[in-house]
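What's in work-v1.txt: compact mmCIF, C-alpha atoms
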# COMPACT_ATOMS: atom_id res chain seq x y z
CA LEU A 707 24.43 -10.79 17.32
CA LEU A 708 22.53 -7.72 16.07
CA VAL A 709 19.50 -9.86 15.20
CA GLY A 710 18.99 -10.46 18.91
CA ILE A 711 19.39 -6.80 19.89
CA PRO A 712 16.95 -4.75 17.81
CA SER A 713 17.77 -1.47 19.57
CA ALA A 714 21.47 -1.86 18.75
CA ALA A 715 20.66 -2.87 15.18
CA ALA A 716 18.44 0.17 14.67
CA SER A 717 21.02 2.50 16.18
CA LEU A 718 23.74 1.14 13.92
CA LEU A 719 21.56 1.48 10.80
CA ALA A 720 20.73 5.08 11.70
CA HIS A 721 24.37 5.86 12.41
CA LEU A 722 25.50 4.42 9.08
CA ALA A 723 22.86 6.45 7.26
CA ARG A 724 23.86 9.69 8.98
CA GLU A 725 27.53 9.04 8.18
CA GLY A 726 26.79 8.61 4.47
CA GLN A 727 27.28 4.82 4.47
CA THR A 728 23.90 4.20 2.90
CA ARG A 729 24.93 1.19 0.81
CA VAL A 730 26.29 -0.55 3.90
CA ALA A 731 23.19 0.43 5.86
CA PHE A 732 20.78 -1.02 3.32
CA ASN A 733 22.84 -4.19 2.96
CA LEU A 734 22.68 -4.63 6.72
CA ALA A 735 18.96 -3.85 6.74
CA GLY A 736 18.46 -6.50 4.08
CA ALA A 737 20.15 -9.08 6.29
CA LEU A 738 18.26 -8.06 9.43
CA LEU A 739 14.83 -7.75 7.81
CA VAL A 740 15.04 -10.67 5.41
CA LEU A 741 11.88 -12.74 4.97
CA VAL A 742 11.93 -16.51 4.68
CA PRO A 743 9.22 -18.91 3.40
CA THR A 744 7.07 -20.76 5.92
CA ASP A 745 4.61 -23.61 5.65
CA GLY A 746 1.91 -21.05 6.37
CA VAL A 747 -1.69 -21.54 7.41
CA ALA A 748 -4.53 -21.38 4.90
CA GLY A 749 -6.37 -18.06 5.03
CA ARG A 750 -3.67 -16.21 6.98
CA PRO A 751 -1.05 -13.68 5.80
CA ASP A 752 1.94 -15.72 6.90
CA GLY A 753 3.43 -17.25 3.78
CA VAL A 754 6.74 -15.72 4.82
CA ALA A 755 8.16 -14.75 8.20
CA ALA A 756 10.99 -12.68 9.61
CA ARG A 757 13.91 -14.26 11.42
CA ILE A 758 13.21 -12.02 14.38
CA ALA A 759 10.04 -11.35 16.35
CA GLU A 760 7.50 -9.17 14.56
CA TYR A 761 7.71 -6.59 17.36
CA GLU A 762 11.47 -6.35 16.90
CA TYR A 763 11.06 -6.16 13.13
CA ALA A 764 8.69 -3.21 13.49
CA ARG A 765 10.96 -1.58 16.09
CA ILE A 766 13.99 -1.64 13.78
CA ILE A 767 11.95 0.07 11.07
CA ARG A 768 10.51 2.59 13.52
CA ASP A 769 13.90 3.59 14.95
CA ALA A 770 16.14 3.34 11.88
CA TRP A 771 13.96 4.49 9.00
CA PRO A 772 13.83 8.22 9.72
CA ALA A 773 17.59 8.45 9.17
CA LEU A 774 17.50 6.10 6.17
CA THR A 775 14.65 8.07 4.62
CA GLU A 776 16.52 11.33 5.04
CA ALA A 777 19.65 9.81 3.49
CA ASP A 778 17.97 8.12 0.50
CA PRO A 779 14.20 8.63 0.26
CA ARG A 780 13.62 6.53 -2.87
CA HIS A 781 15.68 3.55 -1.75
CA SER A 782 14.26 3.57 1.77
CA LEU A 783 10.67 3.54 0.49
CA SER A 784 11.43 0.96 -2.21
CA PHE A 785 13.00 -1.31 0.41
CA LEU A 786 9.84 -1.31 2.52
CA CYS A 787 7.63 -1.80 -0.55
CA ASP A 788 9.74 -4.79 -1.58
CA ARG A 789 9.22 -6.42 1.81
CA LEU A 790 5.49 -5.71 1.77
CA GLY A 791 5.19 -7.10 -1.75
CA GLU A 792 6.94 -10.30 -0.61
CA VAL A 793 4.47 -10.75 2.24
CA ILE A 794 1.45 -10.19 -0.01
CA ARG A 795 2.60 -12.47 -2.82
CA ALA A 796 3.64 -15.29 -0.48
CA SER A 797 0.39 -15.08 1.48
CA GLU A 798 -1.77 -15.13 -1.64
CA GLU A 799 -0.02 -18.31 -2.76
CA GLN A 800 -1.23 -20.10 0.37
CA PRO A 801 -4.40 -22.24 0.03
CA GLY A 802 -7.39 -19.96 0.41
CA GLY A 803 -5.19 -16.88 0.44
CA ALA A 804 -5.92 -15.35 -2.96
CA GLY A 805 -7.54 -11.94 -2.80
CA LEU A 806 -7.74 -11.80 1.00
CA THR A 807 -5.52 -8.76 1.55
CA ASN A 808 -8.60 -6.57 2.07
CA PHE A 809 -9.86 -9.03 4.66
CA TRP A 810 -6.55 -9.09 6.51
CA ARG A 811 -6.17 -5.30 6.29
CA PRO A 812 -9.56 -3.60 5.74
CA ALA A 813 -8.19 -0.03 5.86
CA VAL A 814 -4.81 1.51 5.11
CA GLU A 815 -5.28 4.18 7.77
CA ALA A 816 -5.57 3.40 11.46
CA HIS A 817 -9.10 2.05 11.78
CA SER A 818 -11.20 0.06 14.23
CA GLN A 819 -11.64 -2.66 11.61
CA ASN A 820 -7.89 -3.32 11.56
CA VAL A 821 -7.69 -5.97 14.24
CA GLY A 822 -4.53 -7.77 13.09
CA ASN A 823 -1.05 -7.39 14.51
CA SER A 824 0.91 -9.25 11.86
CA LEU A 825 3.97 -8.61 9.76
CA LEU A 826 1.60 -7.48 7.01
CA ASP A 827 0.16 -4.81 9.32
CA SER A 828 3.59 -3.60 10.40
CA LEU A 829 4.73 -3.23 6.80
CA VAL A 830 1.51 -1.55 5.62
CA ASP A 831 1.91 0.97 8.45
CA ALA A 832 5.57 1.52 7.58
CA VAL A 833 5.01 1.98 3.85
CA ARG A 834 2.06 4.30 4.52
CA ASP A 835 3.95 6.49 7.01
CA TYR A 836 7.26 6.69 5.19
CA ALA A 837 5.58 7.20 1.83
CA LEU A 838 3.91 10.22 3.39
CA ALA A 839 7.23 11.40 4.86
CA VAL A 840 8.88 11.18 1.44
CA ALA A 841 5.90 12.89 -0.22
CA GLU A 842 6.12 15.87 2.13
CA ALA A 843 9.68 16.71 1.07
CA PRO A 844 10.33 19.08 -1.87
CA ASP A 845 9.67 17.14 -5.10
CA GLY A 846 8.84 14.17 -2.90
CA TRP A 847 5.34 13.58 -4.26
CA ALA A 848 6.68 12.51 -7.65
CA VAL A 849 9.27 10.26 -5.99
CA THR A 850 6.62 8.57 -3.86
CA MET A 851 4.23 7.94 -6.74
CA SER A 852 7.06 6.65 -8.95
CA VAL A 853 7.80 4.01 -6.29
CA LEU A 854 4.18 3.01 -5.62
CA ASP A 855 2.56 3.18 -9.06
CA PRO A 856 4.50 0.44 -10.91
CA ARG A 857 3.78 -2.20 -8.28
CA PRO A 858 1.01 -4.61 -9.29
CA GLU A 859 -0.41 -5.52 -5.89
CA PRO A 860 -3.65 -3.60 -5.11
CA MET A 861 -2.35 -2.66 -1.67
CA PHE A 862 0.06 -0.16 -3.22
CA ARG A 863 -2.77 1.51 -5.13
CA ARG A 864 -4.72 1.63 -1.87
CA ILE A 865 -1.80 3.34 -0.16
CA ALA A 866 -1.53 5.81 -3.04
CA LEU A 867 -5.23 6.67 -2.69
CA HIS A 868 -4.72 7.18 1.04
CA LEU A 869 -1.86 9.59 0.33
CA LEU A 870 -4.04 11.45 -2.15
CA ARG A 871 -6.66 11.89 0.56
CA VAL A 872 -4.13 13.17 3.08
CA ARG A 873 -2.13 15.58 0.94
CA GLY A 874 -2.65 14.97 -2.78
CA PRO A 875 -2.98 17.90 -5.20
CA ALA A 876 -6.53 18.64 -6.33
CA ASN A 877 -5.87 17.77 -9.98
CA GLU A 878 -4.63 14.29 -9.06
CA VAL A 879 -7.51 13.82 -6.63
CA ALA A 880 -9.94 14.68 -9.43
CA ALA A 881 -8.18 12.33 -11.85
CA ALA A 882 -8.35 9.43 -9.38
CA LEU A 883 -11.99 10.00 -8.47
CA SER A 884 -12.89 10.24 -12.17
CA ASP A 885 -11.08 7.01 -13.03
CA HIS A 886 -13.72 4.39 -13.81
CA LYS A 887 -11.41 1.47 -13.02
CA LEU A 888 -10.57 2.86 -9.60
CA ALA A 889 -14.18 3.67 -8.80
CA TYR A 890 -15.38 0.14 -9.47
CA ASP A 891 -12.39 -1.91 -8.30
CA ILE A 892 -13.63 -3.80 -5.25
CA ASP A 893 -10.10 -3.98 -3.84
CA LEU A 894 -10.01 -0.18 -3.64
CA TRP A 895 -13.49 0.62 -2.38
CA HIS A 896 -12.53 1.62 1.15
CA GLU A 897 -9.76 4.03 0.13
CA TYR A 898 -11.70 5.34 -2.88
CA GLY A 899 -14.70 6.01 -0.65
CA ALA A 900 -12.54 7.75 1.96
CA LEU A 901 -10.97 9.91 -0.74
CA LEU A 902 -14.40 10.80 -2.12
CA ARG A 903 -15.76 11.79 1.28
CA SER A 904 -12.71 13.82 2.28
CA ARG A 905 -11.76 15.61 -0.94
CA PHE A 906 -14.84 15.92 -3.17
CA ALA A 907 -15.63 19.34 -1.71
CA ASP A 908 -12.13 20.55 -2.70
CA LEU A 909 -12.91 20.14 -6.39
CA GLY A 910 -14.41 22.76 -8.67
CA PRO A 911 -17.88 22.31 -10.23
CA ASP A 912 -16.58 20.84 -13.51
CA ARG A 913 -14.43 18.28 -11.76
CA GLN A 914 -17.25 17.40 -9.38
CA ARG A 915 -19.56 16.75 -12.34
CA ALA A 916 -16.92 14.51 -13.92
CA VAL A 917 -16.65 12.50 -10.71
CA LEU A 918 -20.43 12.13 -10.41
CA THR A 919 -20.61 11.00 -14.03
CA THR A 920 -17.98 8.35 -13.33
CA ILE A 921 -19.83 7.07 -10.27
CA GLY A 922 -23.12 7.04 -12.18
CA HIS A 923 -21.86 4.80 -15.00
CA CYS A 924 -21.73 1.22 -13.77
CA PRO A 925 -19.28 -1.17 -15.44
CA GLU A 926 -20.61 -2.84 -18.56
CA MET A 927 -21.83 -6.35 -17.90
CA GLU A 928 -19.82 -9.10 -19.51
CA MET A 929 -21.65 -10.81 -22.36
CA THR A 930 -22.03 -14.39 -21.13
CA PRO A 931 -23.78 -17.35 -22.82
CA TRP A 932 -26.53 -17.06 -20.20
CA ARG A 933 -27.18 -13.44 -21.15
CA GLU A 934 -27.14 -14.30 -24.84
CA GLN A 935 -29.76 -17.00 -24.27
CA ARG A 936 -31.96 -14.42 -22.59
CA GLY A 937 -31.71 -12.20 -25.67
CA ASN A 938 -29.40 -9.57 -24.15
CA THR A 939 -26.97 -7.69 -26.36
CA THR A 940 -23.83 -5.68 -25.64
CA GLU A 941 -25.99 -2.55 -25.88
CA ASP A 942 -28.35 -3.60 -23.08
Show this structure as structure tokens.
Amino acid sequence: LLVGIPSAAASLLAHLAREGQTRVAFNLAGALLVLVPTDGVAGRPDGVAARIAEYEYARIIRDAWPALTEADPRHSLSFLCDRLGEVIRASEEQPGGAGLTNFWRPAVEAHSQNVGNSLLDSLVDAVRDYALAVAEAPDGWAVTMSVLDPRPEPMFRRIALHLLRVRGPANEVAAALSDHKLAYDIDLWHEYGALLRSRFADLGPDRQRAVLTTIGHCPEMEMTPWREQRGNTTED
């Protein structure tokens, strides 16, 4: 019955969270927001689908998650990350789907290039916003990064870079901008570039020089048979 009445479902989840029944609330959320495999369409992020309309799915998260986040920040954020990870992995298993997350969602932040209105978009928005909400609480930054960092999908690293841009401490901003792998990972270019533009001026001279050195050193070219035939060496 609750599946067909998203407002009632969200109200009940919030009530359970406020009354300290967090385990019951998350079990119910798991049933309401479960994702099921679909046949999918090549080149689209729909390898899984919700059992309710995407609008209703997003509405339940919008209305219930503030209370759930206040009751259990780590679990509430992990729950959303789990759902987003499911969508990404299932979509990339579709024919022609590998590596298209950047195409489906060009920017983590609200951006004119984000033209989709899919389950992927709803979950990216939710993880982004509630990760920021958790990060703004006392000791919340460490909690947020501990949830995002272990996840292998590039989208979670993109979200972490977005959070760094919005409110990250200067030392972690400098570390990210000076990380060669982050600087030259094509999956992260949009968020890395946004972080560089927004926060470079916040860094001291030494940290700025380190960032510029990182940007100036292109990745080493892989030694291929074609390069060997041309007389190139690993030092070229």
Could you give me, as an MDAnalysis selection string, the residues within 7 Å of stretch 858-874 of chain A, counting only C-alpha atoms and dropping anything in the same chain fewer than 2 positions from it? chainID A and resid 814 834 838 854:856 876 878:879 893:894 897:898 901 904:905
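Comparing the minimum interatomic distances between A:Tyr763 and each of A:Asn808, A:Leu825, A:Arg795, A:Arg724, counting only C-alpha atoms, we find that A:Leu825 sits nearest.
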Residues near A:Val740, cut-off 9 Å, all atoms listed in the file, skip fewer than 6 positions along chain, as a PDB file with C-alpha atoms, in the frame of the given file:
ATOM      1  CA  ALA A 755       8.160 -14.750   8.200  1.00  0.00           C
ATOM      2  CA  ALA A 756      10.990 -12.680   9.610  1.00  0.00           C
ATOM      3  CA  ARG A 757      13.910 -14.260  11.420  1.00  0.00           C
ATOM      4  CA  ARG A 789       9.220  -6.420   1.810  1.00  0.00           C
TER       5      ARG A 789
END
Hey, can you check how far atom CA of A:Asp778 sits from atom CA of A:Thr728?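 Pair atom CA of A:Asp778 / atom CA of A:Thr728 returns 7.5 Å.
Remark: for A:His817, the closest of the candidate residues A:Ala907, A:Ala715, A:Glu792, A:His896 is A:His896 (distances computed over all atoms listed in the file).
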Distance in Å - atom CA of A:Glu725 versus atom CA of A:Val853: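 Atom CA of A:Val853 lies 25.0 Å from atom CA of A:Glu725.
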Taking (10.7, -1.2, 0.6) in the file's own coordinates, collect the residues within 10 Å, counting all atoms listed in the file, and hand them back as a list in words.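 The distance filter leaves exactly Arg780, His781, Ser782, Leu783, Ser784, Phe785, Leu786, Cys787, Asp788, Arg789, Leu790, Gly791, Glu792, Leu829, Ala832, Val833, Tyr836, Ala837, Val853 and Leu854 of chain A.
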Could you jot down the atom CA of A:Lys887 to atom CA of A:Leu826 separation for me, Å, one decimal place?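 That distance, rounded to one decimal, is 25.5 Å.
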Is there a way to complete stretch 711-727 of chain A with N, CA, C and O atoms and then write that out as a short mmCIF file (atom, residue, chain, number, x, y, z; two decimals), in the coordinates of the input?
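For reference, part05.cif as written:
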data_model
loop_
_atom_site.label_atom_id
_atom_site.label_comp_id
_atom_site.auth_asym_id
_atom_site.auth_seq_id
_atom_site.Cartn_x
_atom_site.Cartn_y
_atom_site.Cartn_z
N ILE A 711 19.42 -8.08 19.16
CA ILE A 711 19.39 -6.80 19.89
C ILE A 711 18.85 -5.74 18.94
O ILE A 711 19.61 -4.98 18.32
N PRO A 712 17.52 -5.67 18.80
CA PRO A 712 16.95 -4.75 17.81
C PRO A 712 17.31 -3.29 18.05
O PRO A 712 17.49 -2.53 17.10
N SER A 713 17.44 -2.88 19.31
CA SER A 713 17.77 -1.47 19.57
C SER A 713 19.17 -1.15 19.06
O SER A 713 19.40 -0.07 18.48
N ALA A 714 20.10 -2.07 19.25
CA ALA A 714 21.47 -1.86 18.75
C ALA A 714 21.49 -1.89 17.23
O ALA A 714 22.20 -1.10 16.59
N ALA A 715 20.71 -2.78 16.64
CA ALA A 715 20.66 -2.87 15.18
C ALA A 715 20.11 -1.58 14.59
O ALA A 715 20.65 -1.03 13.61
N ALA A 716 19.03 -1.06 15.17
CA ALA A 716 18.44 0.17 14.67
C ALA A 716 19.39 1.34 14.83
O ALA A 716 19.52 2.19 13.93
N SER A 717 20.07 1.42 15.96
CA SER A 717 21.02 2.50 16.18
C SER A 717 22.16 2.46 15.18
O SER A 717 22.60 3.50 14.68
N LEU A 718 22.65 1.27 14.88
CA LEU A 718 23.74 1.14 13.92
C LEU A 718 23.28 1.53 12.51
O LEU A 718 24.00 2.24 11.80
N LEU A 719 22.09 1.10 12.12
CA LEU A 719 21.56 1.48 10.80
C LEU A 719 21.43 3.00 10.69
O LEU A 719 21.81 3.59 9.67
N ALA A 720 20.89 3.63 11.72
CA ALA A 720 20.73 5.08 11.70
C ALA A 720 22.08 5.77 11.65
O ALA A 720 22.26 6.77 10.93
N HIS A 721 23.03 5.27 12.41
CA HIS A 721 24.37 5.86 12.41
C HIS A 721 25.01 5.75 11.03
O HIS A 721 25.59 6.73 10.52
N LEU A 722 24.94 4.60 10.41
CA LEU A 722 25.50 4.42 9.08
C LEU A 722 24.86 5.38 8.07
O LEU A 722 25.55 5.98 7.23
N ALA A 723 23.55 5.54 8.18
CA ALA A 723 22.86 6.45 7.26
C ALA A 723 23.32 7.89 7.45
O ALA A 723 23.57 8.61 6.48
N ARG A 724 23.44 8.31 8.70
CA ARG A 724 23.86 9.69 8.98
C ARG A 724 25.30 9.94 8.56
O ARG A 724 25.66 11.09 8.23
N GLU A 725 26.12 8.89 8.55
CA GLU A 725 27.53 9.04 8.18
C GLU A 725 27.75 8.85 6.68
O GLU A 725 28.89 8.82 6.22
N GLY A 726 26.67 8.73 5.92
CA GLY A 726 26.79 8.61 4.47
C GLY A 726 27.08 7.20 3.98
O GLY A 726 27.33 7.00 2.78
N GLN A 727 27.03 6.22 4.86
CA GLN A 727 27.28 4.82 4.47
C GLN A 727 25.96 4.13 4.13
O GLN A 727 25.60 3.10 4.70
#
